[in-house]
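Note: the block below is upload.cif and it holds mmCIF, C-alpha atoms.
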data_data
loop_
_atom_site.label_atom_id
_atom_site.label_comp_id
_atom_site.auth_asym_id
_atom_site.auth_seq_id
_atom_site.Cartn_x
_atom_site.Cartn_y
_atom_site.Cartn_z
CA MET A 1 13.39 7.48 371.20
CA SER A 2 16.79 7.62 369.88
CA PRO A 3 18.18 10.64 368.17
CA ASN A 4 18.48 8.75 364.93
CA ASN A 5 14.79 8.05 364.78
CA GLU A 6 13.97 11.66 365.43
CA ASN A 7 16.14 12.72 362.55
CA VAL A 8 14.48 10.22 360.37
CA MET A 9 11.11 11.59 361.27
CA GLN A 10 12.14 15.14 360.66
CA ILE A 11 13.53 14.26 357.37
CA SER A 12 10.39 12.39 356.48
CA GLY A 13 8.31 15.37 357.50
CA ASN A 14 10.30 17.63 355.33
CA SER A 15 9.92 15.18 352.52
CA LEU A 16 6.22 15.23 352.90
CA GLU A 17 6.10 19.00 352.93
CA LEU A 18 8.24 19.25 349.78
CA ASN A 19 6.17 16.74 347.95
CA GLY A 20 3.03 18.82 348.56
CA VAL A 21 4.60 22.00 347.21
CA ASP A 22 5.92 20.26 344.12
CA GLY A 23 2.50 18.80 343.32
CA GLY A 24 0.85 22.24 343.48
CA THR A 25 3.42 23.73 341.16
CA ARG A 26 2.86 21.00 338.59
CA SER A 27 -0.90 21.52 338.77
CA TYR A 28 -0.53 25.29 338.21
CA LYS A 29 1.72 24.74 335.23
CA LYS A 30 -0.76 22.36 333.69
CA TRP A 31 -3.55 24.89 334.17
CA LEU A 32 -1.42 27.66 332.69
CA VAL A 33 -0.46 25.51 329.71
CA GLY A 34 -4.08 24.62 329.17
CA LEU A 35 -5.12 28.25 329.42
CA ILE A 36 -2.48 29.26 326.91
CA ALA A 37 -3.52 26.46 324.62
CA LEU A 38 -7.13 27.52 324.96
CA ILE A 39 -6.27 31.13 324.22
CA ALA A 40 -4.17 30.07 321.24
CA ALA A 41 -6.97 27.89 319.96
CA ALA A 42 -9.47 30.71 320.44
CA ALA A 43 -7.14 33.13 318.68
CA LEU A 44 -6.68 30.65 315.86
CA VAL A 45 -10.42 30.18 315.53
CA ALA A 46 -11.04 33.93 315.73
CA SER A 47 -8.34 34.56 313.13
CA GLY A 48 -9.88 32.02 310.81
CA ILE A 49 -13.34 33.50 311.29
CA TRP A 50 -12.06 37.06 310.76
CA SER A 51 -10.13 36.12 307.62
CA ARG A 52 -13.22 34.44 306.28
CA VAL A 53 -15.38 37.46 307.11
CA ARG A 54 -12.83 39.74 305.50
CA ALA A 55 -12.66 37.52 302.43
CA ASN A 56 -16.45 37.49 302.19
CA ARG A 57 -16.56 41.28 302.55
CA LYS A 58 -13.89 41.67 299.88
CA LEU A 59 -15.75 39.27 297.65
CA ARG A 60 -18.98 41.20 298.07
CA THR A 61 -17.17 44.45 297.32
CA GLU A 62 -15.54 43.02 294.23
CA THR A 63 -18.81 41.47 293.14
CA SER A 64 -20.65 44.77 293.53
CA GLU A 65 -17.89 46.58 291.62
CA VAL A 66 -17.96 44.03 288.84
CA ALA A 67 -21.72 44.34 288.70
CA LEU A 68 -21.43 48.12 287.97
CA THR A 69 -21.35 49.19 284.33
CA ALA A 70 -17.89 50.40 283.36
CA VAL A 71 -17.97 53.64 281.37
CA SER A 72 -15.53 56.07 279.83
CA ILE A 73 -16.22 59.77 280.08
CA VAL A 74 -15.24 62.97 278.31
CA SER A 75 -15.78 66.61 279.19
CA PRO A 76 -17.34 69.05 276.70
CA GLN A 77 -14.95 71.36 274.89
CA ARG A 78 -16.01 74.99 274.67
CA THR A 79 -15.97 76.35 271.14
CA THR A 80 -13.73 79.27 270.24
CA PRO A 81 -15.29 82.77 270.04
CA ALA A 82 -14.46 82.94 266.32
CA GLU A 83 -15.18 79.67 264.57
CA GLU A 84 -13.64 79.01 261.17
CA ILE A 85 -15.91 77.45 258.60
CA ILE A 86 -14.80 76.16 255.22
CA LEU A 87 -17.24 76.47 252.34
CA PRO A 88 -17.00 75.85 248.58
CA GLY A 89 -16.81 78.95 246.39
CA ASN A 90 -17.11 79.66 242.68
CA VAL A 91 -14.51 82.06 241.30
CA GLN A 92 -15.97 84.32 238.63
CA PRO A 93 -14.68 87.41 236.82
CA PHE A 94 -15.88 90.80 237.97
CA ILE A 95 -17.44 91.35 234.53
CA THR A 96 -18.13 88.67 231.95
CA SER A 97 -20.15 88.83 228.78
CA PRO A 98 -20.94 86.67 225.75
CA ILE A 99 -20.61 88.59 222.47
CA TYR A 100 -23.47 87.99 219.98
CA SER A 101 -24.09 89.33 216.53
CA ARG A 102 -26.92 91.82 215.98
CA THR A 103 -27.20 91.02 212.28
CA ASN A 104 -27.34 87.96 210.02
CA GLY A 105 -24.54 87.07 207.65
CA TYR A 106 -21.26 85.21 207.27
CA LEU A 107 -18.11 85.74 209.30
CA GLN A 108 -15.65 87.49 207.06
CA LYS A 109 -12.70 87.77 209.50
CA TRP A 110 -11.87 87.52 213.21
CA TYR A 111 -8.98 89.36 214.86
CA VAL A 112 -8.64 87.94 218.40
CA ASP A 113 -8.38 84.46 219.81
CA ILE A 114 -8.68 82.94 223.29
CA GLY A 115 -6.36 84.42 225.88
CA ALA A 116 -5.94 87.68 223.99
CA PRO A 117 -6.25 90.86 226.07
CA VAL A 118 -8.57 93.40 224.49
CA LYS A 119 -9.42 97.03 225.09
CA GLN A 120 -12.85 98.62 225.08
CA GLY A 121 -13.87 99.41 221.47
CA GLN A 122 -11.31 97.10 219.91
CA LEU A 123 -12.42 95.38 216.68
CA LEU A 124 -13.01 91.68 217.24
CA ALA A 125 -14.54 90.44 213.98
CA VAL A 126 -16.24 91.51 210.73
CA ILE A 127 -19.44 89.95 209.39
CA GLU A 128 -20.38 90.05 205.72
CA THR A 129 -24.08 90.93 205.32
CA PRO A 130 -25.03 91.11 201.61
CA GLU A 131 -28.77 91.04 202.34
CA VAL A 132 -28.53 94.01 204.67
CA ASP A 133 -26.41 95.90 202.15
CA GLN A 134 -29.01 95.32 199.44
CA GLN A 135 -31.85 96.32 201.73
CA LEU A 136 -30.01 99.50 202.62
CA GLU A 137 -29.52 100.40 198.97
CA GLN A 138 -33.20 99.77 198.28
CA SER A 139 -34.17 101.82 201.30
CA LEU A 140 -32.00 104.72 200.12
CA SER A 141 -33.67 104.58 196.71
CA ASN A 142 -37.10 104.62 198.33
CA LEU A 143 -36.02 107.56 200.44
CA ASN A 144 -34.94 109.49 197.37
CA THR A 145 -38.29 108.72 195.71
CA THR A 146 -40.28 109.90 198.70
CA LYS A 147 -38.19 113.06 198.90
CA ALA A 148 -38.94 113.79 195.23
CA ASN A 149 -42.66 113.26 195.81
CA LEU A 150 -42.47 115.50 198.86
CA ALA A 151 -40.81 118.26 196.85
CA LEU A 152 -43.52 118.04 194.16
CA ALA A 153 -46.26 118.04 196.79
CA GLU A 154 -44.71 121.10 198.41
CA ILE A 155 -44.67 122.99 195.11
CA THR A 156 -48.30 122.07 194.44
CA LYS A 157 -49.33 123.08 197.94
CA ASN A 158 -47.61 126.46 197.68
CA ARG A 159 -49.12 127.11 194.22
CA TYR A 160 -52.65 126.30 195.33
CA GLU A 161 -52.28 128.45 198.42
CA GLY A 162 -51.21 131.36 196.18
CA LEU A 163 -54.13 130.86 193.79
CA LEU A 164 -56.54 130.69 196.73
CA LYS A 165 -55.76 134.33 197.56
CA SER A 166 -57.14 135.39 194.16
CA HIS A 167 -60.03 132.94 194.45
CA ALA A 168 -58.77 131.10 191.36
CA VAL A 169 -59.13 127.67 192.99
CA ALA A 170 -61.55 126.17 195.43
CA GLN A 171 -60.72 125.65 199.07
CA GLN A 172 -61.17 121.91 198.51
CA ASP A 173 -58.31 121.84 196.04
CA VAL A 174 -56.04 123.63 198.50
CA ASP A 175 -56.93 121.20 201.25
CA ASN A 176 -56.16 118.25 198.96
CA ALA A 177 -52.75 119.71 198.10
CA VAL A 178 -51.92 120.31 201.75
CA GLY A 179 -52.99 116.76 202.64
CA THR A 180 -50.83 115.29 199.88
CA TYR A 181 -47.86 117.31 201.11
CA ASN A 182 -48.29 116.10 204.72
CA ALA A 183 -48.63 112.48 203.57
CA ASN A 184 -45.47 112.69 201.51
CA ARG A 185 -43.61 114.29 204.41
CA ALA A 186 -44.63 111.39 206.69
CA THR A 187 -43.53 108.94 204.01
CA VAL A 188 -40.13 110.62 203.88
CA GLN A 189 -39.78 110.36 207.65
CA ALA A 190 -40.65 106.66 207.56
CA ALA A 191 -38.15 106.06 204.78
CA GLU A 192 -35.47 107.92 206.73
CA ALA A 193 -36.19 105.78 209.81
CA ASN A 194 -35.92 102.62 207.70
CA VAL A 195 -32.60 103.78 206.32
CA LYS A 196 -31.29 104.50 209.80
CA GLN A 197 -32.37 101.04 210.95
CA LEU A 198 -30.59 99.34 208.08
CA GLN A 199 -27.53 101.51 208.63
CA ALA A 200 -27.49 100.41 212.27
CA LEU A 201 -27.72 96.78 211.17
CA GLN A 202 -24.93 97.39 208.72
CA SER A 203 -22.82 98.89 211.51
CA PHE A 204 -23.27 95.63 213.43
CA GLU A 205 -21.15 93.98 210.76
CA LYS A 206 -18.21 94.99 212.94
CA ILE A 207 -17.99 93.40 216.43
CA TYR A 208 -16.27 95.54 219.07
CA ALA A 209 -15.15 94.73 222.61
CA PRO A 210 -17.59 96.23 225.17
CA PHE A 211 -14.94 96.56 227.92
CA ASP A 212 -11.33 95.83 228.77
CA GLY A 213 -10.75 92.17 229.42
CA VAL A 214 -9.52 88.83 228.13
CA VAL A 215 -11.09 86.67 225.44
CA THR A 216 -11.96 83.37 227.14
CA ALA A 217 -13.79 81.71 224.24
CA ARG A 218 -14.08 81.96 220.44
CA ASN A 219 -16.99 80.00 219.02
CA THR A 220 -16.82 80.95 215.35
CA ASP A 221 -14.55 80.87 212.33
CA ILE A 222 -14.31 82.38 208.86
CA GLY A 223 -17.29 81.51 206.69
CA ASP A 224 -19.60 80.50 209.55
CA LEU A 225 -23.25 81.45 209.20
CA ILE A 226 -24.05 84.03 211.84
CA ASN A 227 -27.54 84.35 213.27
CA SER A 228 -28.66 87.52 214.93
CA GLY A 229 -28.82 87.28 218.71
CA SER A 230 -32.23 88.97 218.59
CA ASN A 231 -33.77 86.14 216.56
CA GLY A 232 -35.92 83.55 218.22
CA GLY A 233 -33.89 80.67 216.82
CA VAL A 234 -30.64 79.13 218.00
CA LYS A 235 -28.18 81.82 219.08
CA THR A 236 -24.45 81.33 219.06
CA ASP A 237 -22.14 83.63 220.97
CA LEU A 238 -19.12 84.57 218.89
CA PHE A 239 -16.79 85.38 221.79
CA HIS A 240 -16.66 85.39 225.57
CA ILE A 241 -14.86 88.25 227.28
CA ALA A 242 -14.03 88.35 230.99
CA GLN A 243 -12.48 91.02 233.18
CA PRO A 244 -10.25 89.09 235.64
CA GLY A 245 -8.52 92.02 237.38
CA VAL A 246 -10.95 91.65 240.27
CA LEU A 247 -12.67 88.34 240.90
CA ARG A 248 -16.03 87.68 242.45
CA VAL A 249 -16.30 84.59 244.64
CA TYR A 250 -19.86 83.50 245.38
CA VAL A 251 -20.43 81.38 248.47
CA ASN A 252 -23.61 79.84 249.86
CA VAL A 253 -23.46 80.17 253.66
CA PRO A 254 -25.69 77.81 255.67
CA GLU A 255 -28.55 79.50 257.48
CA GLU A 256 -27.16 78.80 260.96
CA TYR A 257 -24.07 80.89 260.17
CA SER A 258 -25.94 83.71 258.42
CA GLN A 259 -26.13 85.99 261.46
CA GLY A 260 -22.36 85.94 261.89
CA VAL A 261 -21.61 86.93 258.30
CA LYS A 262 -21.17 90.70 257.96
CA VAL A 263 -20.12 92.96 255.10
CA GLY A 264 -16.51 94.04 255.50
CA MET A 265 -15.14 90.87 257.08
CA THR A 266 -12.16 89.19 255.44
CA ALA A 267 -11.96 85.71 253.99
CA ASP A 268 -9.13 83.45 252.84
CA LEU A 269 -9.24 81.43 249.64
CA ALA A 270 -7.40 78.13 249.21
CA LEU A 271 -7.09 76.51 245.79
CA ALA A 272 -5.81 73.05 244.95
CA GLU A 273 -3.39 74.41 242.37
CA PHE A 274 -1.69 76.59 245.02
CA PRO A 275 -1.00 74.23 247.95
CA GLY A 276 -0.07 76.01 251.16
CA ARG A 277 -0.97 79.42 249.75
CA LYS A 278 -3.98 81.56 250.59
CA PHE A 279 -5.47 84.57 248.86
CA GLN A 280 -7.27 87.18 250.92
CA GLY A 281 -10.59 88.65 249.89
CA LYS A 282 -13.23 90.90 251.35
CA LEU A 283 -16.93 90.28 251.78
CA VAL A 284 -18.60 93.12 249.87
CA ARG A 285 -22.28 92.18 249.78
CA THR A 286 -24.86 89.57 250.74
CA ALA A 287 -28.23 88.67 249.32
CA ASP A 288 -29.90 89.67 252.64
CA ALA A 289 -32.28 86.77 252.12
CA ILE A 290 -32.24 83.03 252.76
CA ASN A 291 -32.76 80.87 249.69
CA VAL A 292 -35.86 78.79 250.44
CA SER A 293 -34.59 75.88 248.34
CA THR A 294 -31.12 75.51 249.84
CA ARG A 295 -31.59 77.39 253.16
CA THR A 296 -28.40 79.29 252.48
CA LEU A 297 -27.34 82.93 252.28
CA LEU A 298 -25.57 83.96 249.08
CA ILE A 299 -22.55 86.20 249.70
CA GLU A 300 -19.99 87.80 247.39
CA ILE A 301 -16.30 88.06 248.18
CA ASP A 302 -14.07 90.23 245.98
CA VAL A 303 -10.43 89.25 245.47
CA ASP A 304 -7.84 91.44 243.75
CA ASN A 305 -6.14 89.61 240.91
CA PRO A 306 -3.98 92.20 239.12
CA ALA A 307 -1.47 89.69 237.76
CA GLY A 308 -4.12 87.21 236.65
CA THR A 309 -2.77 84.54 238.99
CA LEU A 310 -6.21 83.14 239.73
CA LEU A 311 -8.20 81.79 236.83
CA THR A 312 -11.88 82.47 236.44
CA GLY A 313 -14.14 79.49 236.88
CA SER A 314 -11.88 77.93 239.51
CA TYR A 315 -13.13 76.04 242.56
CA ALA A 316 -11.97 77.49 245.86
CA GLU A 317 -12.29 76.66 249.53
CA VAL A 318 -13.38 79.79 251.36
CA HIS A 319 -12.26 80.09 254.98
CA LEU A 320 -14.52 82.36 257.02
CA LYS A 321 -14.11 83.17 260.71
CA VAL A 322 -17.65 83.50 261.96
CA PRO A 323 -18.34 84.55 265.58
CA SER A 324 -19.94 81.67 267.48
CA GLN A 325 -22.20 81.59 270.51
CA ALA A 326 -20.24 81.63 273.80
CA SER A 327 -22.38 78.87 275.33
CA THR A 328 -21.73 76.20 272.73
CA PHE A 329 -19.71 73.04 273.31
CA LEU A 330 -18.19 70.29 271.19
CA LEU A 331 -18.75 66.59 271.88
CA PRO A 332 -17.69 63.42 270.07
CA VAL A 333 -20.58 62.01 268.07
CA ASN A 334 -20.28 58.66 269.87
CA THR A 335 -21.63 60.27 273.05
CA LEU A 336 -25.10 60.84 271.60
CA ILE A 337 -28.15 58.77 272.52
CA PHE A 338 -30.98 58.67 269.99
CA ARG A 339 -34.32 57.91 271.62
CA SER A 340 -37.95 58.89 271.31
CA GLU A 341 -37.41 61.56 273.97
CA GLY A 342 -35.03 63.32 271.61
CA LEU A 343 -31.27 63.64 271.40
CA GLN A 344 -29.70 62.89 274.79
CA VAL A 345 -26.35 62.30 276.47
CA GLY A 346 -25.49 60.39 279.64
CA ILE A 347 -23.87 62.47 282.39
CA VAL A 348 -22.21 60.88 285.43
CA LYS A 349 -22.93 62.60 288.76
CA ASP A 350 -21.72 61.00 292.02
CA GLY A 351 -21.50 57.62 290.34
CA ASN A 352 -25.06 57.80 288.98
CA VAL A 353 -26.21 58.37 285.41
CA THR A 354 -28.41 61.29 284.45
CA LEU A 355 -29.82 61.34 280.93
CA THR A 356 -29.91 64.94 279.69
CA THR A 357 -31.62 66.26 276.58
CA VAL A 358 -29.33 68.44 274.44
CA THR A 359 -29.83 70.71 271.44
CA PRO A 360 -27.46 70.01 268.54
CA GLY A 361 -25.80 72.68 266.42
CA HIS A 362 -23.36 72.13 263.58
CA ASP A 363 -22.24 68.65 262.63
CA PHE A 364 -18.48 68.46 261.99
CA GLY A 365 -18.32 64.75 261.22
CA ASP A 366 -16.51 63.24 264.21
CA GLN A 367 -17.72 66.03 266.50
CA ILE A 368 -21.02 67.82 266.96
CA GLU A 369 -21.82 71.20 268.42
CA ILE A 370 -24.17 71.34 271.41
CA VAL A 371 -25.87 74.70 271.84
CA ALA A 372 -27.98 73.90 274.91
CA GLY A 373 -28.19 71.31 277.69
CA LEU A 374 -24.52 71.02 278.78
CA LYS A 375 -22.16 72.53 281.32
CA SER A 376 -18.40 72.76 281.10
CA ASN A 377 -17.84 70.44 284.10
CA ASP A 378 -20.22 67.68 282.95
CA GLN A 379 -18.80 64.16 282.65
CA VAL A 380 -20.35 62.75 279.48
CA ILE A 381 -20.35 59.02 278.82
CA ILE A 382 -18.63 57.80 275.66
CA ASN A 383 -20.37 54.99 273.75
CA PRO A 384 -23.24 54.65 276.23
CA PRO A 385 -24.96 51.23 276.17
CA ASP A 386 -28.48 51.05 274.78
CA SER A 387 -29.82 49.83 278.13
CA ILE A 388 -28.54 52.79 280.15
CA VAL A 389 -31.17 54.64 282.20
CA SER A 390 -31.21 57.58 284.59
CA GLY A 391 -30.20 56.68 288.14
CA GLN A 392 -28.09 53.71 287.09
CA LYS A 393 -24.83 53.32 289.02
CA VAL A 394 -21.73 53.17 286.87
CA GLN A 395 -18.00 52.90 287.34
CA ILE A 396 -15.68 55.32 285.55
CA VAL A 397 -12.73 53.43 284.09
CA GLN A 398 -11.33 56.06 281.75
CA GLY A 399 -12.02 59.71 281.12
CA THR A 400 -10.77 63.06 279.89
CA LEU A 401 -11.42 65.88 282.30
CA PRO A 402 -10.84 69.61 281.83
CA GLY A 403 -7.63 69.44 283.86
CA ASP A 404 -6.33 66.59 281.71
CA ALA A 405 -6.67 68.66 278.58
CA LYS A 406 -4.12 71.11 279.94
#
Take the structure in this file and express it as structure tokens.
Amino acid sequence: MSPNNENVMQISGNSLELNGVDGGTRSYKKWLVGLIALIAAAALVASGIWSRVRANRKLRTETSEVALTAVSIVSPQRTTPAEEIILPGNVQPFITSPIYSRTNGYLQKWYVDIGAPVKQGQLLAVIETPEVDQQLEQSLSNLNTTKANLALAEITKNRYEGLLKSHAVAQQDVDNAVGTYNANRATVQAAEANVKQLQALQSFEKIYAPFDGVVTARNTDIGDLINSGSNGGVKTDLFHIAQPGVLRVYVNVPEEYSQGVKVGMTADLALAEFPGRKFQGKLVRTADAINVSTRTLLIEIDVDNPAGTLLTGSYAEVHLKVPSQASTFLLPVNTLIFRSEGLQVGIVKDGNVTLTTVTPGHDFGDQIEIVAGLKSNDQVIINPPDSIVSGQKVQIVQGTLPGDAK
């Protein structure tokens, strides 16, 4: 064999060996590409499945959250130790009196008019009483007659008693004389009493002020017919006198506040005619009894009024600071649930509703006092739906907690 042929064979052998190696490399690459493609496809499928599972889970979560009842909550507010209550009060003078006549007649003259200050014993008016004057004159004449008869009876009695000592008259005649004397003496006493009565009626012709004060009304004029206040007919008061130096303010306190009202506590008065100004008074006495008709306790507050700034008969708002129970709370009225079980509120605990029965106290309009059934950290539902029941899961969307109030 020639050298050229051998070279050709060697070269061919090498060619064959190289071709085998190259074929294996291509096969490995194809397998690797396929494996990568398979892994990529599996990852793509797994990613799609996971995203769908996650979307389904999110959808279920959102669906469950949407299915929960959304509620707003509020926390109870503890009432202050001294609670201020505002009650209507009637301002009255310390002393007030209508002035009547004690005798019949016609008004001759009056000396004071409304608004006039008067002193005790001051002359207010004079009444003309001609009938009383005539009766008094007649009574005096009768008294004089009875006194004359008494004097004659006394002389006769003394004479008969002297004759009896000499047995010139009978005992019967003496007894008759003594009896006549005693009868005439009783007649004189009756006549004197009648005269005194008519003199008293005549003294009532002059009307005097019973105490220091101010004339608040004059209901008569010159020439008016005056009827005695002691008659059973229609009575007309001639004057009204009030003593406004110290005013009495009467207030009806509701029964639930009665235990906190004590004699000696202070009170502030606010009147519409004095905006922004308050007058201080002192509670001086209470009725110590609840009125069965109004279920209130009547109290009296005295207010000094030396300058007459406050007018009698005024309407006043009385501000009283009454100690309240330490365990009471305030809630908005729209948290209450009215059912056959009684007054209830819905309290959220760990996402669940608990219906709790509460005991109401004072109603302040937009708020109500709760005296039992609540705790300071309770989360009370505002505007609870009618269908709410205990154990129901809810979602809190808005609320006011104790920390928020600060």
>> Quick check on the file I pasted: which residues fall under the PyMOL selection byres ((chain A and resi 260) around 10)? Write them as a list in words.
In response: Ala82, Glu83, Glu255, Glu256, Tyr257, Ser258, Gln259, Val261, Lys262, Met265, Leu320, Lys321, Val322, Pro323, Ser324 and Gln325 of chain A
>> Under the rule that all atoms listed in the file are counted, which of A:Val353, A:Ala177, A:Ala70, A:Ala217 is the nearest residue to Asp237 (chain A)?
In response: A:Ala217
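Using all atoms listed in the file, the shortest contact distance between Gly351 (chain A) and any of A:Gln280, A:Ile73, A:Arg54, A:Val263 is found at A:Ile73.
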> Within 12 Å of (-14.5, 86.7, 251.4), all atoms listed in the file: residues as a ChimeraX atom specification?
Replying inline: /A:85-91,247-253,261-270,278-286,298-304,316-322
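In this structure, CA of Gly346 (chain A) sits 8.1 Å away from CA of Ser390 (chain A).
Restricting the calculation to all atoms listed in the file, the smallest distance between Ala307 (chain A) and any of A:Val174, A:Leu150, A:Leu271, A:Val246 is found for A:Val246.
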>> Suppose a student applies the PyMOL selection byres ((chain A and resi 388) around 10) to this structure; what residues should they get, written as an NGL selection string?
In response: :A and (69 or 337 or 346 or 353-355 or 384-387 or 389-394)
Dump as an mmCIF file, keeping the file's coordinate frame, selection limited to C-alpha atoms:
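As a result, out_13.cif now contains:
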data_model
loop_
_atom_site.group_PDB
_atom_site.id
_atom_site.type_symbol
_atom_site.label_atom_id
_atom_site.label_comp_id
_atom_site.auth_asym_id
_atom_site.auth_seq_id
_atom_site.Cartn_x
_atom_site.Cartn_y
_atom_site.Cartn_z
ATOM 1 C CA THR A 69 -21.350 49.190 284.330
ATOM 2 C CA ILE A 337 -28.150 58.770 272.520
ATOM 3 C CA GLY A 346 -25.490 60.390 279.640
ATOM 4 C CA VAL A 353 -26.210 58.370 285.410
ATOM 5 C CA THR A 354 -28.410 61.290 284.450
ATOM 6 C CA LEU A 355 -29.820 61.340 280.930
ATOM 7 C CA PRO A 384 -23.240 54.650 276.230
ATOM 8 C CA PRO A 385 -24.960 51.230 276.170
ATOM 9 C CA ASP A 386 -28.480 51.050 274.780
ATOM 10 C CA SER A 387 -29.820 49.830 278.130
ATOM 11 C CA VAL A 389 -31.170 54.640 282.200
ATOM 12 C CA SER A 390 -31.210 57.580 284.590
ATOM 13 C CA GLY A 391 -30.200 56.680 288.140
ATOM 14 C CA GLN A 392 -28.090 53.710 287.090
ATOM 15 C CA LYS A 393 -24.830 53.320 289.020
ATOM 16 C CA VAL A 394 -21.730 53.170 286.870
#
> Neighbours of Glu192 (chain A) within 10 Å (only C-alpha atoms; same-chain residues fewer than 4 positions away dropped), as a list of chain:residue names?
Replying inline: A:Ser139, A:Leu140, A:Asn142, A:Leu143, A:Asn144, A:Thr146, A:Lys147, A:Ala186, A:Thr187, A:Val188, A:Lys196, A:Gln197, A:Leu198
>> So the first atom is CA of Ala183 (chain A) and the second is CA of Asn158 (chain A); what is the distance between them in Å, to one decimal place?
In response: 15.2 Å
> Given the file above and the PyMOL selection byres ((chain A and resi 221-229) around 12), which residues are selected, and can you give them as JSON, numbers by chain?
Replying inline: {"A": [98, 99, 100, 101, 102, 103, 104, 105, 106, 107, 108, 109, 110, 111, 112, 113, 124, 125, 126, 127, 128, 129, 201, 204, 205, 217, 218, 219, 220, 230, 231, 232, 233, 234, 235, 236, 237, 238, 239]}
> Out of A:Gly121, A:Pro76, A:Gly308, A:Gly162, which residue has the shortest atom-to-atom distance to Gln367 (chain A) when counting only C-alpha atoms?
Replying inline: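 Nearest candidate to Gln367 (chain A) out of A:Gly121, A:Pro76, A:Gly308, A:Gly162: A:Pro76.
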> Nearest to Thr96 (chain A) among A:Ser166, A:Thr312, A:Asn182, A:Ser75, with distances taken over only C-alpha atoms: which residue is it?
Replying inline: A:Thr312
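Atom to atom, CA of Ile114 (chain A) and CA of His240 (chain A) stand 8.7 Å apart.
Here the question is which of A:Gln122, A:Asn352, A:Gln344, A:Thr335 gets nearest to Val74 (chain A) using all atoms listed in the file, and that residue is A:Thr335.
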